[in-house]
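Enquirer: my_file_28.pdb (PDB, N, CA and C atoms) pasted underneath:
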```pdb
ATOM      1  N   MET C 209      -2.099  29.316   5.921
ATOM      2  CA  MET C 209      -1.778  28.004   5.382
ATOM      3  C   MET C 209      -0.929  27.253   6.410
ATOM      4  N   LYS C 210      -1.229  25.968   6.604
ATOM      5  CA  LYS C 210      -0.488  25.123   7.524
ATOM      6  C   LYS C 210       0.372  24.134   6.751
ATOM      7  N   THR C 211       1.437  23.716   7.367
ATOM      8  CA  THR C 211       2.294  22.678   6.821
ATOM      9  C   THR C 211       2.344  21.529   7.814
ATOM     10  N   LYS C 212       2.152  20.326   7.329
ATOM     11  CA  LYS C 212       2.215  19.120   8.153
ATOM     12  C   LYS C 212       3.264  18.190   7.560
ATOM     13  N   GLN C 213       3.833  17.345   8.395
ATOM     14  CA  GLN C 213       4.845  16.408   7.930
ATOM     15  C   GLN C 213       4.501  14.987   8.347
ATOM     16  N   ILE C 214       4.862  14.060   7.469
ATOM     17  CA  ILE C 214       4.841  12.636   7.765
ATOM     18  C   ILE C 214       6.275  12.160   7.578
ATOM     19  N   ARG C 215       6.816  11.488   8.577
ATOM     20  CA  ARG C 215       8.206  11.052   8.536
ATOM     21  C   ARG C 215       8.293   9.525   8.610
ATOM     22  N   PHE C 216       9.165   8.966   7.793
ATOM     23  CA  PHE C 216       9.442   7.537   7.808
ATOM     24  C   PHE C 216      10.880   7.316   8.244
ATOM     25  N   SER C 217      11.088   6.295   9.060
ATOM     26  CA  SER C 217      12.426   5.857   9.453
ATOM     27  C   SER C 217      12.559   4.403   9.060
ATOM     28  N   ILE C 218      13.541   4.101   8.247
ATOM     29  CA  ILE C 218      13.744   2.744   7.764
ATOM     30  C   ILE C 218      15.065   2.230   8.330
ATOM     31  N   THR C 219      15.003   1.129   9.062
ATOM     32  CA  THR C 219      16.207   0.475   9.580
ATOM     33  C   THR C 219      16.569  -0.637   8.609
ATOM     34  N   LEU C 220      17.788  -0.592   8.082
ATOM     35  CA  LEU C 220      18.245  -1.565   7.091
ATOM     36  C   LEU C 220      19.253  -2.529   7.701
ATOM     37  N   ASP C 221      19.273  -3.752   7.172
ATOM     38  CA  ASP C 221      20.308  -4.689   7.589
ATOM     39  C   ASP C 221      21.580  -4.413   6.779
ATOM     40  N   ASP C 222      22.582  -5.262   6.935
ATOM     41  CA  ASP C 222      23.859  -5.058   6.230
ATOM     42  C   ASP C 222      23.723  -5.143   4.719
ATOM     43  N   ASN C 223      22.656  -5.805   4.236
ATOM     44  CA  ASN C 223      22.413  -5.929   2.791
ATOM     45  C   ASN C 223      21.421  -4.889   2.279
ATOM     46  N   HIS C 224      21.129  -3.889   3.096
ATOM     47  CA  HIS C 224      20.205  -2.804   2.751
ATOM     48  C   HIS C 224      18.765  -3.272   2.571
ATOM     49  N   VAL C 225      18.398  -4.338   3.262
ATOM     50  CA  VAL C 225      17.021  -4.839   3.264
ATOM     51  C   VAL C 225      16.335  -4.279   4.516
ATOM     52  N   PRO C 226      15.139  -3.713   4.356
ATOM     53  CA  PRO C 226      14.462  -3.140   5.522
ATOM     54  C   PRO C 226      14.173  -4.184   6.611
ATOM     55  N   GLU C 227      14.584  -3.854   7.820
ATOM     56  CA  GLU C 227      14.267  -4.679   8.979
ATOM     57  C   GLU C 227      13.113  -4.078   9.774
ATOM     58  N   ARG C 228      13.014  -2.764   9.729
ATOM     59  CA  ARG C 228      12.001  -2.059  10.522
ATOM     60  C   ARG C 228      11.574  -0.811   9.754
ATOM     61  N   ILE C 229      10.272  -0.565   9.731
ATOM     62  CA  ILE C 229       9.729   0.657   9.145
ATOM     63  C   ILE C 229       8.905   1.330  10.229
ATOM     64  N   ALA C 230       9.260   2.553  10.546
ATOM     65  CA  ALA C 230       8.516   3.325  11.539
ATOM     66  C   ALA C 230       8.081   4.634  10.884
ATOM     67  N   TRP C 231       6.930   5.137  11.322
ATOM     68  CA  TRP C 231       6.444   6.395  10.760
ATOM     69  C   TRP C 231       5.764   7.197  11.849
ATOM     70  N   GLU C 232       5.726   8.474  11.625
ATOM     71  CA  GLU C 232       4.997   9.372  12.523
ATOM     72  C   GLU C 232       4.542  10.583  11.733
ATOM     73  N   ALA C 233       3.464  11.168  12.188
ATOM     74  CA  ALA C 233       2.904  12.364  11.568
ATOM     75  C   ALA C 233       2.733  13.417  12.647
ATOM     76  N   ASP C 234       2.700  14.661  12.224
ATOM     77  CA  ASP C 234       2.556  15.759  13.175
ATOM     78  C   ASP C 234       1.324  15.602  14.053
ATOM     79  N   ASP C 235       0.240  15.063  13.505
ATOM     80  CA  ASP C 235      -1.009  14.933  14.246
ATOM     81  C   ASP C 235      -1.143  13.605  14.983
ATOM     82  N   SER C 236      -0.150  12.720  14.863
ATOM     83  CA  SER C 236      -0.246  11.423  15.531
ATOM     84  C   SER C 236       0.421  11.488  16.899
ATOM     85  N   GLU C 237       0.103  10.501  17.693
ATOM     86  CA  GLU C 237       0.693  10.427  19.025
ATOM     87  C   GLU C 237       1.818   9.407  19.007
ATOM     88  N   GLY C 238       3.017   9.848  18.777
ATOM     89  CA  GLY C 238       4.173   8.967  18.793
ATOM     90  C   GLY C 238       4.421   8.286  17.467
ATOM     91  N   THR C 239       5.375   7.376  17.514
ATOM     92  CA  THR C 239       5.807   6.632  16.337
ATOM     93  C   THR C 239       5.052   5.314  16.248
ATOM     94  N   SER C 240       4.690   4.930  15.036
ATOM     95  CA  SER C 240       4.045   3.640  14.785
ATOM     96  C   SER C 240       4.945   2.826  13.873
ATOM     97  N   GLU C 241       4.843   1.505  14.001
ATOM     98  CA  GLU C 241       5.606   0.630  13.120
ATOM     99  C   GLU C 241       4.679  -0.044  12.127
ATOM    100  N   CYS C 242       5.231  -0.392  10.974
ATOM    101  CA  CYS C 242       4.495  -1.138   9.969
ATOM    102  C   CYS C 242       5.465  -2.093   9.293
ATOM    103  N   LYS C 243       4.923  -3.073   8.603
ATOM    104  CA  LYS C 243       5.761  -4.022   7.878
ATOM    105  C   LYS C 243       5.903  -3.658   6.407
ATOM    106  N   SER C 244       5.033  -2.756   5.912
ATOM    107  CA  SER C 244       5.085  -2.417   4.499
ATOM    108  C   SER C 244       4.522  -1.029   4.264
ATOM    109  N   ALA C 245       5.024  -0.382   3.209
ATOM    110  CA  ALA C 245       4.509   0.925   2.793
ATOM    111  C   ALA C 245       4.623   1.026   1.279
ATOM    112  N   LEU C 246       3.547   1.442   0.658
ATOM    113  CA  LEU C 246       3.539   1.745  -0.772
ATOM    114  C   LEU C 246       3.211   3.224  -0.902
ATOM    115  N   ILE C 247       4.147   3.990  -1.375
ATOM    116  CA  ILE C 247       3.966   5.436  -1.474
ATOM    117  C   ILE C 247       4.009   5.815  -2.949
ATOM    118  N   SER C 248       2.945   6.453  -3.411
ATOM    119  CA  SER C 248       2.870   6.901  -4.798
ATOM    120  C   SER C 248       2.777   8.412  -4.824
ATOM    121  N   LEU C 249       3.558   9.022  -5.688
ATOM    122  CA  LEU C 249       3.591  10.470  -5.832
ATOM    123  C   LEU C 249       3.383  10.830  -7.303
ATOM    124  N   TRP C 250       2.560  11.821  -7.562
ATOM    125  CA  TRP C 250       2.330  12.263  -8.933
ATOM    126  C   TRP C 250       3.261  13.423  -9.244
ATOM    127  N   ASP C 251       4.119  13.246 -10.230
ATOM    128  CA  ASP C 251       5.018  14.297 -10.698
ATOM    129  C   ASP C 251       4.305  15.032 -11.827
ATOM    130  N   ALA C 252       3.743  16.197 -11.517
ATOM    131  CA  ALA C 252       2.958  16.944 -12.498
ATOM    132  C   ALA C 252       3.818  17.453 -13.651
ATOM    133  N   LYS C 253       5.069  17.743 -13.389
ATOM    134  CA  LYS C 253       5.964  18.227 -14.442
ATOM    135  C   LYS C 253       6.259  17.131 -15.462
ATOM    136  N   GLU C 254       6.545  15.935 -14.979
ATOM    137  CA  GLU C 254       6.888  14.816 -15.861
ATOM    138  C   GLU C 254       5.662  13.991 -16.271
ATOM    139  N   LEU C 255       4.497  14.283 -15.656
ATOM    140  CA  LEU C 255       3.275  13.500 -15.889
ATOM    141  C   LEU C 255       3.543  12.013 -15.678
ATOM    142  N   ASN C 256       4.094  11.719 -14.495
ATOM    143  CA  ASN C 256       4.522  10.370 -14.206
ATOM    144  C   ASN C 256       4.346  10.084 -12.717
ATOM    145  N   THR C 257       4.106   8.831 -12.408
ATOM    146  CA  THR C 257       3.993   8.409 -11.013
ATOM    147  C   THR C 257       5.357   7.949 -10.511
ATOM    148  N   LEU C 258       5.718   8.458  -9.355
ATOM    149  CA  LEU C 258       6.930   8.020  -8.674
ATOM    150  C   LEU C 258       6.491   7.125  -7.529
ATOM    151  N   ARG C 259       7.241   6.073  -7.266
ATOM    152  CA  ARG C 259       6.824   5.125  -6.234
ATOM    153  C   ARG C 259       7.977   4.770  -5.321
ATOM    154  N   ILE C 260       7.605   4.517  -4.087
ATOM    155  CA  ILE C 260       8.516   3.939  -3.106
ATOM    156  C   ILE C 260       7.775   2.735  -2.530
ATOM    157  N   ASP C 261       8.285   1.545  -2.780
ATOM    158  CA  ASP C 261       7.677   0.310  -2.292
ATOM    159  C   ASP C 261       8.648  -0.319  -1.299
ATOM    160  N   LEU C 262       8.218  -0.432  -0.059
ATOM    161  CA  LEU C 262       9.067  -0.981   0.998
ATOM    162  C   LEU C 262       8.324  -2.053   1.766
ATOM    163  N   TRP C 263       9.035  -3.097   2.170
ATOM    164  CA  TRP C 263       8.478  -4.060   3.104
ATOM    165  C   TRP C 263       9.639  -4.686   3.865
ATOM    166  N   THR C 264       9.351  -5.054   5.104
ATOM    167  CA  THR C 264      10.392  -5.647   5.931
ATOM    168  C   THR C 264      10.544  -7.122   5.594
ATOM    169  N   LYS C 265      11.694  -7.658   5.948
ATOM    170  CA  LYS C 265      11.928  -9.074   5.677
ATOM    171  C   LYS C 265      11.096  -9.973   6.577
ATOM    172  N   LEU C 266      10.445  -9.395   7.578
ATOM    173  CA  LEU C 266       9.569 -10.170   8.458
ATOM    174  C   LEU C 266       8.142 -10.278   7.929
ATOM    175  N   MET C 267       7.812  -9.526   6.884
ATOM    176  CA  MET C 267       6.457  -9.582   6.338
ATOM    177  C   MET C 267       6.270 -10.906   5.611
ATOM    178  N   THR C 268       5.217 -11.620   5.972
ATOM    179  CA  THR C 268       4.964 -12.917   5.343
ATOM    180  C   THR C 268       4.301 -12.741   3.981
ATOM    181  N   THR C 269       4.358 -13.789   3.191
ATOM    182  CA  THR C 269       3.694 -13.772   1.884
ATOM    183  C   THR C 269       2.193 -13.584   2.046
ATOM    184  N   ASP C 270       1.592 -14.254   3.031
ATOM    185  CA  ASP C 270       0.151 -14.104   3.258
ATOM    186  C   ASP C 270      -0.200 -12.669   3.655
ATOM    187  N   GLU C 271       0.650 -12.039   4.473
ATOM    188  CA  GLU C 271       0.416 -10.634   4.828
ATOM    189  C   GLU C 271       0.513  -9.739   3.595
ATOM    190  N   MET C 272       1.469 -10.024   2.706
ATOM    191  CA  MET C 272       1.632  -9.220   1.488
ATOM    192  C   MET C 272       0.412  -9.371   0.586
ATOM    193  N   LYS C 273      -0.122 -10.577   0.481
ATOM    194  CA  LYS C 273      -1.313 -10.797  -0.337
ATOM    195  C   LYS C 273      -2.497 -10.010   0.216
ATOM    196  N   ALA C 274      -2.686 -10.052   1.535
ATOM    197  CA  ALA C 274      -3.774  -9.291   2.159
ATOM    198  C   ALA C 274      -3.550  -7.794   1.974
ATOM    199  N   PHE C 275      -2.308  -7.356   2.103
ATOM    200  CA  PHE C 275      -1.954  -5.941   1.931
ATOM    201  C   PHE C 275      -2.321  -5.462   0.526
ATOM    202  N   PHE C 276      -1.981  -6.248  -0.483
ATOM    203  CA  PHE C 276      -2.314  -5.854  -1.857
ATOM    204  C   PHE C 276      -3.813  -5.878  -2.093
ATOM    205  N   HIS C 277      -4.499  -6.894  -1.579
ATOM    206  CA  HIS C 277      -5.949  -6.953  -1.732
ATOM    207  C   HIS C 277      -6.596  -5.703  -1.142
ATOM    208  N   GLN C 278      -6.209  -5.348   0.067
ATOM    209  CA  GLN C 278      -6.778  -4.171   0.713
ATOM    210  C   GLN C 278      -6.406  -2.883  -0.013
ATOM    211  N   ASN C 279      -5.207  -2.834  -0.594
ATOM    212  CA  ASN C 279      -4.814  -1.654  -1.359
ATOM    213  C   ASN C 279      -5.670  -1.489  -2.611
ATOM    214  N   ILE C 280      -5.967  -2.584  -3.280
ATOM    215  CA  ILE C 280      -6.825  -2.504  -4.467
ATOM    216  C   ILE C 280      -8.197  -1.950  -4.080
ATOM    217  N   LEU C 281      -8.748  -2.443  -2.966
ATOM    218  CA  LEU C 281     -10.057  -1.956  -2.507
ATOM    219  C   LEU C 281     -10.014  -0.471  -2.144
ATOM    220  N   THR C 282      -8.987  -0.052  -1.424
ATOM    221  CA  THR C 282      -8.919   1.361  -1.028
ATOM    222  C   THR C 282      -8.618   2.260  -2.223
ATOM    223  N   MET C 283      -7.870   1.743  -3.209
ATOM    224  CA  MET C 283      -7.643   2.528  -4.428
ATOM    225  C   MET C 283      -8.962   2.730  -5.171
ATOM    226  N   ALA C 284      -9.814   1.726  -5.192
ATOM    227  CA  ALA C 284     -11.124   1.858  -5.831
ATOM    228  C   ALA C 284     -11.949   2.934  -5.134
ATOM    229  N   ASP C 285     -11.934   2.926  -3.808
ATOM    230  CA  ASP C 285     -12.670   3.943  -3.048
ATOM    231  C   ASP C 285     -12.138   5.345  -3.340
ATOM    232  N   THR C 286     -10.821   5.487  -3.313
ATOM    233  CA  THR C 286     -10.202   6.791  -3.571
ATOM    234  C   THR C 286     -10.476   7.246  -4.998
ATOM    235  N   PHE C 287     -10.346   6.329  -5.946
ATOM    236  CA  PHE C 287     -10.603   6.648  -7.356
ATOM    237  C   PHE C 287     -12.036   7.154  -7.537
ATOM    238  N   GLU C 288     -12.995   6.472  -6.907
ATOM    239  CA  GLU C 288     -14.391   6.885  -7.035
ATOM    240  C   GLU C 288     -14.621   8.268  -6.420
ATOM    241  N   ARG C 289     -14.064   8.511  -5.237
ATOM    242  CA  ARG C 289     -14.228   9.824  -4.599
ATOM    243  C   ARG C 289     -13.575  10.929  -5.426
ATOM    244  N   ALA C 290     -12.426  10.640  -6.021
ATOM    245  CA  ALA C 290     -11.673  11.666  -6.749
ATOM    246  C   ALA C 290     -12.241  11.954  -8.133
ATOM    247  N   THR C 291     -12.838  10.933  -8.772
ATOM    248  CA  THR C 291     -13.267  11.104 -10.163
ATOM    249  C   THR C 291     -14.765  10.986 -10.376
ATOM    250  N   GLY C 292     -15.463  10.388  -9.420
ATOM    251  CA  GLY C 292     -16.885  10.133  -9.601
ATOM    252  C   GLY C 292     -17.164   8.960 -10.532
ATOM    253  N   GLU C 293     -16.144   8.220 -10.897
ATOM    254  CA  GLU C 293     -16.273   7.088 -11.821
ATOM    255  C   GLU C 293     -16.691   5.823 -11.073
ATOM    256  N   GLY C 294     -17.968   5.742 -10.728
ATOM    257  CA  GLY C 294     -18.481   4.608  -9.971
ATOM    258  C   GLY C 294     -18.384   3.279 -10.693
ATOM    259  N   LYS C 295     -18.637   3.277 -12.006
ATOM    260  CA  LYS C 295     -18.588   2.023 -12.761
ATOM    261  C   LYS C 295     -17.170   1.448 -12.774
ATOM    262  N   MET C 296     -16.188   2.297 -13.003
ATOM    263  CA  MET C 296     -14.809   1.805 -13.038
ATOM    264  C   MET C 296     -14.359   1.382 -11.642
ATOM    265  N   ALA C 297     -14.781   2.096 -10.619
ATOM    266  CA  ALA C 297     -14.449   1.706  -9.244
ATOM    267  C   ALA C 297     -15.053   0.338  -8.938
ATOM    268  N   ALA C 298     -16.258   0.083  -9.420
ATOM    269  CA  ALA C 298     -16.893  -1.227  -9.226
ATOM    270  C   ALA C 298     -16.086  -2.320  -9.925
ATOM    271  N   GLN C 299     -15.547  -2.017 -11.106
ATOM    272  CA  GLN C 299     -14.696  -2.982 -11.821
ATOM    273  C   GLN C 299     -13.438  -3.284 -11.014
ATOM    274  N   MET C 300     -12.882  -2.259 -10.395
ATOM    275  CA  MET C 300     -11.700  -2.462  -9.559
ATOM    276  C   MET C 300     -12.039  -3.352  -8.359
ATOM    277  N   ARG C 301     -13.195  -3.131  -7.768
ATOM    278  CA  ARG C 301     -13.622  -3.958  -6.636
ATOM    279  C   ARG C 301     -13.868  -5.400  -7.079
ATOM    280  N   ASP C 302     -14.424  -5.561  -8.288
ATOM    281  CA  ASP C 302     -14.615  -6.911  -8.826
ATOM    282  C   ASP C 302     -13.263  -7.610  -8.979
ATOM    283  N   PHE C 303     -12.282  -6.865  -9.487
ATOM    284  CA  PHE C 303     -10.947  -7.454  -9.616
ATOM    285  C   PHE C 303     -10.379  -7.806  -8.246
ATOM    286  N   ALA C 304     -10.609  -6.956  -7.253
ATOM    287  CA  ALA C 304     -10.132  -7.244  -5.894
ATOM    288  C   ALA C 304     -10.735  -8.548  -5.384
ATOM    289  N   SER C 305     -12.006  -8.777  -5.680
ATOM    290  CA  SER C 305     -12.652 -10.034  -5.279
ATOM    291  C   SER C 305     -12.016 -11.219  -5.993
ATOM    292  N   TYR C 306     -11.776 -11.066  -7.291
ATOM    293  CA  TYR C 306     -11.113 -12.106  -8.072
ATOM    294  C   TYR C 306      -9.717 -12.384  -7.508
ATOM    295  N   PHE C 307      -8.987 -11.331  -7.202
ATOM    296  CA  PHE C 307      -7.641 -11.433  -6.646
ATOM    297  C   PHE C 307      -7.672 -12.222  -5.333
ATOM    298  N   ALA C 308      -8.575 -11.849  -4.435
ATOM    299  CA  ALA C 308      -8.683 -12.519  -3.135
ATOM    300  C   ALA C 308      -9.041 -13.992  -3.315
ATOM    301  N   GLU C 309      -9.992 -14.270  -4.197
ATOM    302  CA  GLU C 309     -10.401 -15.653  -4.439
ATOM    303  C   GLU C 309      -9.237 -16.471  -4.984
ATOM    304  N   HIS C 310      -8.499 -15.900  -5.924
ATOM    305  CA  HIS C 310      -7.363 -16.600  -6.517
ATOM    306  C   HIS C 310      -6.279 -16.849  -5.462
ATOM    307  N   MET C 311      -6.047 -15.901  -4.590
ATOM    308  CA  MET C 311      -5.029 -16.070  -3.557
ATOM    309  C   MET C 311      -5.441 -17.151  -2.559
ATOM    310  N   LEU C 312      -6.725 -17.248  -2.241
ATOM    311  CA  LEU C 312      -7.210 -18.312  -1.345
ATOM    312  C   LEU C 312      -7.018 -19.676  -1.999
ATOM    313  N   ASN C 313      -7.352 -19.761  -3.290
ATOM    314  CA  ASN C 313      -7.181 -21.023  -4.007
ATOM    315  C   ASN C 313      -5.715 -21.403  -4.124
ATOM    316  N   ALA C 314      -4.847 -20.416  -4.348
ATOM    317  CA  ALA C 314      -3.413 -20.683  -4.465
ATOM    318  C   ALA C 314      -2.864 -21.177  -3.136
ATOM    319  N   LYS C 315      -3.402 -20.636  -2.045
ATOM    320  CA  LYS C 315      -2.949 -21.039  -0.711
ATOM    321  C   LYS C 315      -3.320 -22.484  -0.421
ATOM    322  N   SER C 316      -4.497 -22.879  -0.893
ATOM    323  CA  SER C 316      -4.965 -24.250  -0.624
ATOM    324  C   SER C 316      -4.423 -25.241  -1.656
ATOM    325  N   GLY C 317      -3.649 -24.780  -2.621
ATOM    326  CA  GLY C 317      -3.054 -25.671  -3.610
ATOM    327  C   GLY C 317      -3.884 -25.874  -4.860
ATOM    328  N   GLU C 318      -5.048 -25.201  -4.954
ATOM    329  CA  GLU C 318      -5.888 -25.332  -6.146
ATOM    330  C   GLU C 318      -5.424 -24.366  -7.210
ATOM    331  N   LYS C 319      -5.881 -24.589  -8.447
ATOM    332  CA  LYS C 319      -5.546 -23.669  -9.544
ATOM    333  C   LYS C 319      -6.800 -23.047 -10.080
TER     334      LYS C 319
END
```
Before anything else, please render the file you have as structure tokens.
Expert:
Amino acid sequence: MKTKQIRFSITLDDNHVPERIAWEADDSEGTSECKSALISLWDAKELNTLRIDLWTKLMTTDEMKAFFHQNILTMADTFERATGEGKMAAQMRDFASYFAEHMLNAKSGEK
């Protein structure tokens, strides 16, 4: 059995707001930076999801919208692979399309 690690380093300002998020994994080449990370963990004992949601103060609203849109799409892919629930994954993708369309309209000032 092998053990691998993923490490995050968060640089905070004086108000404890993330300024920099860096991560590295045992199999990666060096440290990489990102502006946001959403980490979800399943607590089997408590039957509950634990979350760590981080983003730097430099992340723009438009970047956050794209980040969430892409997360919804990748969650649909993961959900389908893990459960075989193709119909529900398709519903999630439909919502992702609706989300993206609504965000484009909101950006242009439409409702």
Enquirer: Fewer than 5 positions away in the same chain doesn't count, so skip those; otherwise give me all residues within 6 Å of Ile214 in chain C, counting all atoms listed in the file, as a PyMOL selection string.
Expert: chain C and resi 232-234
Enquirer: Need the shell around Leu262 in chain C: protein/DNA/RNA residues with any atom at most 10 Å away, counting only C-alpha atoms. Skip same-chain ones fewer than 6 positions apart. Format as a ChimeraX atom specification?
Expert: /C:218,225-226,229,243-247
Enquirer: Spell out the residues picked by the PyMOL selection byres ((chain C and resi 266) around 8) here, as a list in words.
Expert: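 So the PyMOL selection byres ((chain C and resi 266) around 8), applied here, picks out Pro226, Glu227, Arg228, Lys243, Trp263, Thr264, Lys265, Met267, Thr268 and Thr269 of chain C.
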Enquirer: Report, in Å to a single decimal, how far apart CA of Lys295 in chain C and CA of Thr282 in chain C are.
Expert: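 Value for the CA of Thr282 in chain C-CA of Lys295 in chain C distance: 15.2 Å.
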Enquirer: Give me, please, the distance in Å between atom C of Gln278 in chain C and CA of Ala304 in chain C, quoted to one decimal.
Expert: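 We find that atom C of Gln278 in chain C and CA of Ala304 in chain C lie 8.2 Å from each other.
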Enquirer: Could you pull out all residues of chain C with a DSSP call of helix (DSSP H, G or I) and give them as a CSV table (one decimal) with N, CA and C atoms, in the frame of the given file?
Expert:
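File written: states39.csv
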```csv
chain,number,residue,atom,x,y,z
C,269,THR,N,4.4,-13.8,3.2
C,269,THR,CA,3.7,-13.8,1.9
C,269,THR,C,2.2,-13.6,2.0
C,270,ASP,N,1.6,-14.3,3.0
C,270,ASP,CA,0.2,-14.1,3.3
C,270,ASP,C,-0.2,-12.7,3.7
C,271,GLU,N,0.6,-12.0,4.5
C,271,GLU,CA,0.4,-10.6,4.8
C,271,GLU,C,0.5,-9.7,3.6
C,272,MET,N,1.5,-10.0,2.7
C,272,MET,CA,1.6,-9.2,1.5
C,272,MET,C,0.4,-9.4,0.6
C,273,LYS,N,-0.1,-10.6,0.5
C,273,LYS,CA,-1.3,-10.8,-0.3
C,273,LYS,C,-2.5,-10.0,0.2
C,274,ALA,N,-2.7,-10.1,1.5
C,274,ALA,CA,-3.8,-9.3,2.2
C,274,ALA,C,-3.6,-7.8,2.0
C,275,PHE,N,-2.3,-7.4,2.1
C,275,PHE,CA,-2.0,-5.9,1.9
C,275,PHE,C,-2.3,-5.5,0.5
C,276,PHE,N,-2.0,-6.2,-0.5
C,276,PHE,CA,-2.3,-5.9,-1.9
C,276,PHE,C,-3.8,-5.9,-2.1
C,277,HIS,N,-4.5,-6.9,-1.6
C,277,HIS,CA,-5.9,-7.0,-1.7
C,277,HIS,C,-6.6,-5.7,-1.1
C,278,GLN,N,-6.2,-5.3,0.1
C,278,GLN,CA,-6.8,-4.2,0.7
C,278,GLN,C,-6.4,-2.9,0.0
C,279,ASN,N,-5.2,-2.8,-0.6
C,279,ASN,CA,-4.8,-1.7,-1.4
C,279,ASN,C,-5.7,-1.5,-2.6
C,280,ILE,N,-6.0,-2.6,-3.3
C,280,ILE,CA,-6.8,-2.5,-4.5
C,280,ILE,C,-8.2,-2.0,-4.1
C,281,LEU,N,-8.7,-2.4,-3.0
C,281,LEU,CA,-10.1,-2.0,-2.5
C,281,LEU,C,-10.0,-0.5,-2.1
C,282,THR,N,-9.0,-0.1,-1.4
C,282,THR,CA,-8.9,1.4,-1.0
C,282,THR,C,-8.6,2.3,-2.2
C,283,MET,N,-7.9,1.7,-3.2
C,283,MET,CA,-7.6,2.5,-4.4
C,283,MET,C,-9.0,2.7,-5.2
C,284,ALA,N,-9.8,1.7,-5.2
C,284,ALA,CA,-11.1,1.9,-5.8
C,284,ALA,C,-11.9,2.9,-5.1
C,285,ASP,N,-11.9,2.9,-3.8
C,285,ASP,CA,-12.7,3.9,-3.0
C,285,ASP,C,-12.1,5.3,-3.3
C,286,THR,N,-10.8,5.5,-3.3
C,286,THR,CA,-10.2,6.8,-3.6
C,286,THR,C,-10.5,7.2,-5.0
C,287,PHE,N,-10.3,6.3,-5.9
C,287,PHE,CA,-10.6,6.6,-7.4
C,287,PHE,C,-12.0,7.2,-7.5
C,288,GLU,N,-13.0,6.5,-6.9
C,288,GLU,CA,-14.4,6.9,-7.0
C,288,GLU,C,-14.6,8.3,-6.4
C,289,ARG,N,-14.1,8.5,-5.2
C,289,ARG,CA,-14.2,9.8,-4.6
C,289,ARG,C,-13.6,10.9,-5.4
C,290,ALA,N,-12.4,10.6,-6.0
C,290,ALA,CA,-11.7,11.7,-6.7
C,290,ALA,C,-12.2,12.0,-8.1
C,291,THR,N,-12.8,10.9,-8.8
C,291,THR,CA,-13.3,11.1,-10.2
C,291,THR,C,-14.8,11.0,-10.4
C,294,GLY,N,-18.0,5.7,-10.7
C,294,GLY,CA,-18.5,4.6,-10.0
C,294,GLY,C,-18.4,3.3,-10.7
C,295,LYS,N,-18.6,3.3,-12.0
C,295,LYS,CA,-18.6,2.0,-12.8
C,295,LYS,C,-17.2,1.4,-12.8
C,296,MET,N,-16.2,2.3,-13.0
C,296,MET,CA,-14.8,1.8,-13.0
C,296,MET,C,-14.4,1.4,-11.6
C,297,ALA,N,-14.8,2.1,-10.6
C,297,ALA,CA,-14.4,1.7,-9.2
C,297,ALA,C,-15.1,0.3,-8.9
C,298,ALA,N,-16.3,0.1,-9.4
C,298,ALA,CA,-16.9,-1.2,-9.2
C,298,ALA,C,-16.1,-2.3,-9.9
C,299,GLN,N,-15.5,-2.0,-11.1
C,299,GLN,CA,-14.7,-3.0,-11.8
C,299,GLN,C,-13.4,-3.3,-11.0
C,300,MET,N,-12.9,-2.3,-10.4
C,300,MET,CA,-11.7,-2.5,-9.6
C,300,MET,C,-12.0,-3.4,-8.4
C,301,ARG,N,-13.2,-3.1,-7.8
C,301,ARG,CA,-13.6,-4.0,-6.6
C,301,ARG,C,-13.9,-5.4,-7.1
C,302,ASP,N,-14.4,-5.6,-8.3
C,302,ASP,CA,-14.6,-6.9,-8.8
C,302,ASP,C,-13.3,-7.6,-9.0
C,303,PHE,N,-12.3,-6.9,-9.5
C,303,PHE,CA,-10.9,-7.5,-9.6
C,303,PHE,C,-10.4,-7.8,-8.2
C,304,ALA,N,-10.6,-7.0,-7.3
C,304,ALA,CA,-10.1,-7.2,-5.9
C,304,ALA,C,-10.7,-8.5,-5.4
C,305,SER,N,-12.0,-8.8,-5.7
C,305,SER,CA,-12.7,-10.0,-5.3
C,305,SER,C,-12.0,-11.2,-6.0
C,306,TYR,N,-11.8,-11.1,-7.3
C,306,TYR,CA,-11.1,-12.1,-8.1
C,306,TYR,C,-9.7,-12.4,-7.5
C,307,PHE,N,-9.0,-11.3,-7.2
C,307,PHE,CA,-7.6,-11.4,-6.6
C,307,PHE,C,-7.7,-12.2,-5.3
C,308,ALA,N,-8.6,-11.8,-4.4
C,308,ALA,CA,-8.7,-12.5,-3.1
C,308,ALA,C,-9.0,-14.0,-3.3
C,309,GLU,N,-10.0,-14.3,-4.2
C,309,GLU,CA,-10.4,-15.7,-4.4
C,309,GLU,C,-9.2,-16.5,-5.0
C,310,HIS,N,-8.5,-15.9,-5.9
C,310,HIS,CA,-7.4,-16.6,-6.5
C,310,HIS,C,-6.3,-16.8,-5.5
C,311,MET,N,-6.0,-15.9,-4.6
C,311,MET,CA,-5.0,-16.1,-3.6
C,311,MET,C,-5.4,-17.2,-2.6
C,312,LEU,N,-6.7,-17.2,-2.2
C,312,LEU,CA,-7.2,-18.3,-1.3
C,312,LEU,C,-7.0,-19.7,-2.0
C,313,ASN,N,-7.4,-19.8,-3.3
C,313,ASN,CA,-7.2,-21.0,-4.0
C,313,ASN,C,-5.7,-21.4,-4.1
C,314,ALA,N,-4.8,-20.4,-4.3
C,314,ALA,CA,-3.4,-20.7,-4.5
C,314,ALA,C,-2.9,-21.2,-3.1
C,315,LYS,N,-3.4,-20.6,-2.0
C,315,LYS,CA,-2.9,-21.0,-0.7
C,315,LYS,C,-3.3,-22.5,-0.4
```
